[in-house]
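Colleague: What follows is my_file15.cif; its format and atoms are mmCIF, C-alpha atoms and all ligand atoms.
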data_my_file
#
loop_
_atom_site.label_atom_id
_atom_site.label_comp_id
_atom_site.auth_asym_id
_atom_site.auth_seq_id
_atom_site.Cartn_x
_atom_site.Cartn_y
_atom_site.Cartn_z
CA MET A 920 7.59 1.01 -16.28
CA LYS A 921 4.67 2.74 -17.93
CA SER A 922 1.47 2.94 -15.92
CA ILE A 923 -1.81 3.92 -17.56
CA ILE A 924 -2.88 5.67 -14.33
CA ARG A 925 -2.27 9.37 -14.82
CA LYS A 926 -0.85 11.75 -12.25
CA ASN A 927 -4.15 13.60 -11.84
CA THR A 928 -5.95 10.29 -11.26
CA TYR A 929 -3.47 9.43 -8.51
CA GLN A 930 -4.05 12.91 -7.05
CA ALA A 931 -7.83 12.33 -7.05
CA ILE A 932 -7.28 8.96 -5.36
CA TYR A 933 -5.16 10.61 -2.67
CA ARG A 934 -7.88 13.22 -2.10
CA LEU A 935 -10.57 10.55 -1.78
CA LEU A 936 -8.52 8.54 0.70
CA ASN A 937 -7.62 11.68 2.69
CA ARG A 938 -11.22 11.70 3.88
CA VAL A 939 -11.33 8.19 5.34
CA SER A 940 -9.52 6.10 7.94
CA PRO A 941 -9.90 2.57 9.32
CA LEU A 942 -11.41 3.71 12.64
CA PRO A 943 -13.17 6.90 13.79
CA THR A 944 -10.19 7.46 16.12
CA ASP A 945 -6.46 7.16 15.39
CA CYS A 946 -5.79 3.41 15.31
CA GLY A 947 -2.10 4.16 15.98
CA GLN A 948 -3.09 4.65 19.62
CA LEU A 949 -3.88 0.92 19.84
CA CYS A 950 -0.38 -0.17 18.90
CA SER A 951 1.99 2.83 19.18
CA SER A 952 1.74 3.16 15.42
CA ALA A 953 3.28 -0.26 14.87
CA CYS A 954 2.99 -0.14 11.09
CA CYS A 955 4.87 3.18 10.96
CA ASN A 956 7.74 2.16 13.12
CA CYS A 957 10.91 1.91 11.13
CA GLY A 958 12.53 -0.40 13.68
CA GLY A 959 16.14 0.17 14.51
CA ASP A 960 17.47 2.69 16.94
CA GLY A 961 15.76 6.06 16.90
CA CYS A 962 14.92 5.73 13.22
CA SER A 963 18.24 7.12 12.06
CA GLU A 964 18.81 6.74 8.33
CA GLU A 965 21.19 3.84 8.89
CA SER A 966 18.71 1.98 11.11
CA LEU A 967 15.69 2.21 8.81
CA ASP A 968 14.30 -1.30 8.61
CA PHE A 969 14.02 -2.67 5.10
CA ASP A 970 10.99 -4.77 6.13
CA MET A 971 9.08 -1.63 7.03
CA GLY A 972 9.22 0.11 3.70
CA ILE A 973 6.46 0.78 1.22
CA TYR A 974 6.51 0.01 -2.50
CA LEU A 975 4.88 2.67 -4.61
CA LEU A 976 2.48 1.45 -7.26
CA PRO A 977 3.58 1.96 -10.88
CA GLY A 978 3.27 5.68 -11.65
CA GLU A 979 2.60 6.73 -8.06
CA GLU A 980 6.11 8.21 -7.92
CA LYS A 981 4.81 11.04 -10.17
CA LEU A 982 3.27 12.58 -7.05
CA PHE A 983 6.65 13.04 -5.37
CA THR A 984 9.79 15.07 -6.04
CA ARG A 985 12.07 12.47 -4.40
CA LYS A 986 13.49 15.33 -2.34
CA GLU A 987 10.93 14.90 0.48
CA ASP A 988 12.90 15.11 3.73
CA TRP A 989 10.58 12.62 5.50
CA LEU A 990 11.22 9.80 3.06
CA LYS A 991 14.22 7.70 2.21
CA TRP A 992 14.09 6.52 -1.37
CA ASN A 993 15.44 3.31 -2.86
CA ILE A 994 15.22 2.50 -6.51
CA GLU A 995 15.06 -1.17 -7.29
CA TYR A 996 14.62 -3.15 -10.47
CA ALA A 997 11.54 -5.32 -10.84
CA GLU A 998 13.57 -8.10 -12.45
CA ASP A 999 15.59 -8.49 -9.23
CA TYR A 1000 12.59 -9.17 -6.99
CA GLU A 1001 9.38 -11.18 -7.03
CA PHE A 1002 7.23 -8.94 -9.16
CA PRO A 1003 4.97 -10.03 -12.01
CA ALA A 1004 6.68 -11.06 -15.26
CA SER A 1005 5.07 -8.05 -16.98
CA TRP A 1006 7.01 -5.68 -14.70
CA SER A 1007 10.40 -4.43 -15.79
CA GLY A 1008 12.63 -1.53 -14.85
CA LYS A 1009 12.46 0.78 -11.87
CA VAL A 1010 10.35 0.17 -8.78
CA TYR A 1011 10.32 2.81 -6.06
CA PHE A 1012 10.61 1.77 -2.43
CA VAL A 1013 10.29 4.34 0.36
CA ARG A 1014 10.84 4.28 4.10
CA CYS A 1015 9.55 6.90 6.52
CA LYS A 1016 12.27 8.73 8.43
CA THR A 1017 10.16 10.35 11.17
CA PRO A 1018 7.32 7.94 11.94
CA PRO A 1019 4.54 8.33 12.85
CA ARG A 1020 4.93 11.96 11.78
CA CYS A 1021 4.48 12.59 8.09
CA PRO A 1022 2.48 14.89 5.83
CA ARG A 1023 -0.77 12.91 6.06
CA GLU A 1024 -2.03 14.01 2.68
CA MET A 1025 1.11 12.56 1.06
CA ARG A 1026 1.04 9.10 2.62
CA PRO A 1027 1.73 6.47 -0.07
CA LEU A 1028 -1.19 4.32 -1.11
CA GLN A 1029 0.04 1.11 0.45
CA CYS A 1030 0.08 2.90 3.81
CA ARG A 1031 -3.46 4.19 3.37
CA PHE A 1032 -4.98 0.84 2.41
CA PHE A 1033 -3.58 -1.08 5.36
CA PRO A 1034 -4.93 -3.31 6.93
CA LEU A 1035 -6.96 -4.02 3.78
CA ALA A 1036 -5.50 -5.72 0.75
CA PRO A 1037 -7.01 -6.47 -2.67
CA TYR A 1038 -7.79 -10.04 -3.65
CA LEU A 1039 -8.98 -11.47 -6.96
CA THR A 1040 -11.13 -14.59 -6.83
CA GLU A 1041 -10.58 -17.40 -9.34
CA ASN A 1042 -13.34 -15.78 -11.41
CA GLY A 1043 -11.42 -12.51 -11.42
CA GLU A 1044 -13.77 -10.70 -9.04
CA LEU A 1045 -12.28 -8.09 -6.76
CA ARG A 1046 -12.58 -8.54 -3.01
CA LEU A 1047 -10.93 -6.81 -0.08
CA ILE A 1048 -9.35 -8.94 2.62
CA LEU A 1049 -7.44 -8.29 5.80
CA SER A 1050 -3.78 -8.19 4.82
CA THR A 1051 -2.07 -11.58 5.00
CA ALA A 1052 1.42 -10.12 4.58
CA GLU A 1053 4.04 -11.46 6.95
CA LEU A 1054 5.00 -8.50 9.09
CA PRO A 1055 7.43 -7.90 11.92
CA TYR A 1056 4.64 -6.51 14.11
CA GLN A 1057 1.04 -7.28 14.97
CA CYS A 1058 -1.80 -5.04 13.81
CA PRO A 1059 -4.66 -5.10 16.34
CA LEU A 1060 -7.16 -4.39 13.56
CA ILE A 1061 -6.18 -7.72 12.01
CA ALA A 1062 -5.44 -9.72 15.13
CA GLU A 1063 -8.71 -8.74 16.85
CA LYS A 1064 -10.73 -8.34 13.63
CA ILE A 1065 -11.86 -4.90 14.76
CA PRO A 1066 -14.68 -3.69 12.46
CA LEU A 1067 -13.45 -1.08 10.00
CA GLN A 1068 -15.38 2.05 9.09
CA ASN A 1069 -17.72 1.55 6.19
CA ASP A 1070 -16.58 4.63 4.29
CA PHE A 1071 -12.96 3.48 4.55
CA VAL A 1072 -13.84 0.05 3.15
CA LYS A 1073 -15.99 1.55 0.38
CA ALA A 1074 -13.39 4.13 -0.67
CA THR A 1075 -10.62 1.51 -0.67
CA TYR A 1076 -12.74 -0.82 -2.82
CA THR A 1077 -13.55 1.98 -5.28
CA VAL A 1078 -9.88 2.87 -5.57
CA TRP A 1079 -8.77 -0.74 -6.16
CA LYS A 1080 -11.53 -1.23 -8.74
CA HIS A 1081 -9.96 1.65 -10.61
CA LEU A 1082 -6.33 0.68 -10.05
CA ILE A 1083 -6.70 -2.85 -11.42
CA ARG A 1084 -7.69 -1.42 -14.79
CA ASP A 1085 -3.95 -0.92 -15.16
CA PRO A 1086 -2.62 -4.29 -16.44
CA LEU A 1087 0.58 -3.94 -14.37
CA ILE A 1088 -1.35 -3.41 -11.15
CA ARG A 1089 -3.84 -6.17 -11.99
CA ASP A 1090 -0.92 -8.55 -12.60
CA LEU A 1091 0.45 -7.69 -9.15
CA VAL A 1092 -2.88 -8.28 -7.44
CA GLU A 1093 -3.37 -11.51 -9.42
CA MET A 1094 0.10 -12.74 -8.41
CA ASP A 1095 -0.53 -12.02 -4.71
CA SER A 1096 -4.02 -13.53 -4.90
CA LYS A 1097 -2.67 -16.81 -6.32
CA VAL A 1098 -0.27 -17.10 -3.37
CA ILE A 1099 -3.12 -16.43 -0.94
CA ARG A 1100 -5.42 -18.96 -2.67
CA ASN A 1101 -2.75 -21.67 -2.52
CA ASN A 1102 -1.21 -21.07 0.89
CA LYS A 1103 -3.21 -18.90 3.21
CA LYS A 1104 -6.51 -18.44 4.95
CA CYS A 1105 -7.93 -15.00 4.45
CA THR A 1106 -10.69 -12.90 5.94
CA GLU A 1107 -12.89 -11.28 3.31
CA ILE A 1108 -14.22 -7.87 4.27
CA VAL A 1109 -16.14 -7.11 1.10
S1 LIG A 1201 -3.18 -0.11 10.84
FE1 LIG A 1201 -2.85 -1.57 12.52
S2 LIG A 1201 -0.65 -1.52 12.97
FE2 LIG A 1201 -1.14 0.32 11.74
S3 LIG A 1201 -1.52 1.95 13.22
FE3 LIG A 1201 -3.51 1.02 12.76
S4 LIG A 1201 -3.80 -0.59 14.31
FE4 LIG A 1201 -1.63 -0.03 14.33
S1 LIG A 1202 3.53 7.45 5.57
FE1 LIG A 1202 3.15 8.25 7.63
S2 LIG A 1202 1.48 6.98 8.44
FE2 LIG A 1202 2.35 5.89 6.68
S3 LIG A 1202 3.93 4.52 7.50
FE3 LIG A 1202 4.95 6.45 6.95
S4 LIG A 1202 4.95 7.67 8.84
FE4 LIG A 1202 3.42 6.04 9.09
#
Any chance you could give the structure as structure tokens?
Modeller:
Amino acid sequence: MKSIIRKNTYQAIYRLLNRVSPLPTDCGQLCSSACCNCGGDGCSEESLDFDMGIYLLPGEEKLFTRKEDWLKWNIEYAEDYEFPASWSGKVYFVRCKTPPRCPREMRPLQCRFFPLAPYLTENGELRLILSTAELPYQCPLIAEKIPLQNDFVKATYTVWKHLIRDPLIRDLVEMDSKVIRNNKKCTEIV
């Protein structure tokens, strides 16, 4: 699957997001890093929970060697799952083997954005909402609507504004937004 986002653009995005976080303190202390936890027993490779993985965005895999010892890689095919019709071929799915320990500067984008998610209005305008994904844990930032740091929200918005210039990524956000519009209540942050 060919993304128009280049490797050096993804690197710049990683650098920008390295400088921000949802709260001034480590929000993992509120929940024992619930969104990192791989589930299962002691996070052995066999017990890694499939629900707790992270899909890389198209082209994001260019930042990795796939030999990282802290990640377990799965290659899937877009046609086999609920991805936009424009998607075809390989999709990379990773699970963290040693949560919450990881090289922070290499955290995949979907990990960095959480608990924010992109949302496109019917007019095609980009908003950020609190994630409405069904998850096997509760995030206190969502459950208690804890205010998020302004620079985190701004950086995340800037990054999504850029990412949705890629038609594949825009199609993904549009697909998720339609589901949210039809079935869910959401909390807009910006
Ligand atoms: S984003 Fe939510 S679930 Fe993840 S570590 Fe922070 S508070 Fe916990
Ligand atoms: S990349 Fe790091 S912070 Fe993100 S889920 Fe994995 S272990 Fe947790």
Colleague: Mind running chain A against ligand LIG 1202 (chain A) at 7 Å and telling me each contacting residue's nearest atom pair with the distance in Å (one decimal), counting only C-alpha atoms and all ligand atoms, chain and number ascending, as CSV?
Modeller:
residue,atom,partner,partner_atom,distance
A:Cys954,CA,A:LIG1202,S3,6.0
A:Cys955,CA,A:LIG1202,FE4,3.7
A:Arg1014,CA,A:LIG1202,FE3,6.9
A:Cys1015,CA,A:LIG1202,FE3,4.6
A:Thr1017,CA,A:LIG1202,S4,6.3
A:Pro1018,CA,A:LIG1202,S4,3.9
A:Pro1019,CA,A:LIG1202,S4,4.1
A:Arg1020,CA,A:LIG1202,S4,5.2
A:Cys1021,CA,A:LIG1202,FE1,4.6
A:Pro1022,CA,A:LIG1202,FE1,6.9
A:Arg1023,CA,A:LIG1202,FE1,6.3
A:Arg1026,CA,A:LIG1202,S1,4.2
A:Pro1027,CA,A:LIG1202,S1,6.0
A:Cys1030,CA,A:LIG1202,FE2,4.7
A:Arg1031,CA,A:LIG1202,FE2,6.9
Colleague: Deliver the residues from the most recent selection as a file, using C-alpha atoms, as a PDB file, in the frame of the given file.
Modeller:
ATOM      1  CA  CYS A 954       2.990  -0.140  11.090  1.00  0.00           C
ATOM      2  CA  CYS A 955       4.870   3.180  10.960  1.00  0.00           C
ATOM      3  CA  ARG A1014      10.840   4.280   4.100  1.00  0.00           C
ATOM      4  CA  CYS A1015       9.550   6.900   6.520  1.00  0.00           C
ATOM      5  CA  THR A1017      10.160  10.350  11.170  1.00  0.00           C
ATOM      6  CA  PRO A1018       7.320   7.940  11.940  1.00  0.00           C
ATOM      7  CA  PRO A1019       4.540   8.330  12.850  1.00  0.00           C
ATOM      8  CA  ARG A1020       4.930  11.960  11.780  1.00  0.00           C
ATOM      9  CA  CYS A1021       4.480  12.590   8.090  1.00  0.00           C
ATOM     10  CA  PRO A1022       2.480  14.890   5.830  1.00  0.00           C
ATOM     11  CA  ARG A1023      -0.770  12.910   6.060  1.00  0.00           C
ATOM     12  CA  ARG A1026       1.040   9.100   2.620  1.00  0.00           C
ATOM     13  CA  PRO A1027       1.730   6.470  -0.070  1.00  0.00           C
ATOM     14  CA  CYS A1030       0.080   2.900   3.810  1.00  0.00           C
ATOM     15  CA  ARG A1031      -3.460   4.190   3.370  1.00  0.00           C
TER      16      ARG A1031
END
Colleague: Name each residue within 10 Å of ligand LIG 1201 (chain A), counting all atoms listed in the file, as an MDAnalysis selection string.
Modeller: chainID A and resid 940:942 944:956 1019 1030:1035 1054 1056:1063 1065
Colleague: Determine the axis-aligned bounding box of all atoms of region 1022-1030 of chain A present in the file, pad each side by 5 Å, and express its centre and edge lengths in Å to one decimal place as JSON.
Modeller:
{"center_x": 0.2, "center_y": 8.0, "center_z": 2.5, "size_x": 14.5, "size_y": 23.8, "size_z": 17.2}
Colleague: May I have the protein, DNA and RNA residues with any atom at most 6 Å from the point (0.4, -1.6, -11.8), counting all atoms listed in the file, written as a ChimeraX atom specification?
Modeller: /A:976-977,1085,1087-1088
Colleague: If you measure from CA of Lys1080 (chain A) to CA of Pro1066 (chain A), what distance in Å do you get, rounded to one decimal?
Modeller: 21.6 Å
Colleague: Go ahead and compute the interatomic distance for CA of Glu1107 (chain A) and CA of Tyr1038 (chain A), in Å to one decimal.
Modeller: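 Computed distance, CA of Glu1107 (chain A) to CA of Tyr1038 (chain A), equals 8.7 Å.
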Colleague: Tell me, in Å to one decimal, how far CA of Glu998 (chain A) is from CA of Leu1028 (chain A).
Modeller: 22.4 Å
Colleague: Write out, as a tab-separated table, each residue of region 1028-1098 of chain A that has an atom at most 10 Å from region 929-936 of chain A, together with the closest pair of atoms and their distance in Å to one decimal, counting all atoms listed in the file, rows going by chain and rising number.
Modeller:
residue	atom	partner	partner_atom	distance
A:Leu1028	CA	A:Tyr933	CA	7.6
A:Arg1031	CA	A:Leu936	CA	7.2
A:Phe1032	CA	A:Leu936	CA	8.6
A:Asp1070	CA	A:Leu936	CA	9.7
A:Phe1071	CA	A:Leu936	CA	7.8
A:Ala1074	CA	A:Leu936	CA	6.7
A:Thr1075	CA	A:Leu936	CA	7.5
A:Thr1077	CA	A:Ile932	CA	9.4
A:Val1078	CA	A:Ile932	CA	6.6
A:Trp1079	CA	A:Ile932	CA	9.8
A:His1081	CA	A:Ile932	CA	9.4
A:Leu1082	CA	A:Tyr929	CA	9.3
Colleague: For Gln1029 (chain A), which residue among A:Tyr974, A:Tyr1076, A:Trp1006, A:Tyr996 is the nearest when counting all atoms listed in the file?
Modeller: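 When distances to Gln1029 (chain A) are compared using all atoms listed in the file, the smallest one comes from A:Tyr974.
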Colleague: Smallest atom-to-atom distance to Val1010 (chain A): which of A:Ser922, A:Asn1102, A:Asn937, A:Thr928, using only C-alpha atoms?
Modeller: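 Looking only at the distances to Val1010 (chain A), the closest residue turns out to be A:Ser922.
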Colleague: Quick one: residues within 8 Å of Val1109 (chain A), only C-alpha atoms counted, chain neighbours fewer than 5 positions away excluded, as a list of chain:residue names?
Modeller: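 These residues fall inside the cut-off: A:Arg1046, A:Leu1047, A:Ile1048, A:Val1072.
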Colleague: Calculated over all atoms listed in the file, which of the candidates A:Arg985, A:Lys991, A:Lys1009, A:Arg1100 has the smallest distance to Leu1039 (chain A)?
Modeller: A:Arg1100
Colleague: Of the candidates A:Tyr1011, A:Asn927, A:Leu1049, A:Glu1001, which one gets nearest to Leu982 (chain A) if we count only C-alpha atoms?
Modeller: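 Result for the nearest residue to Leu982 (chain A): A:Asn927.
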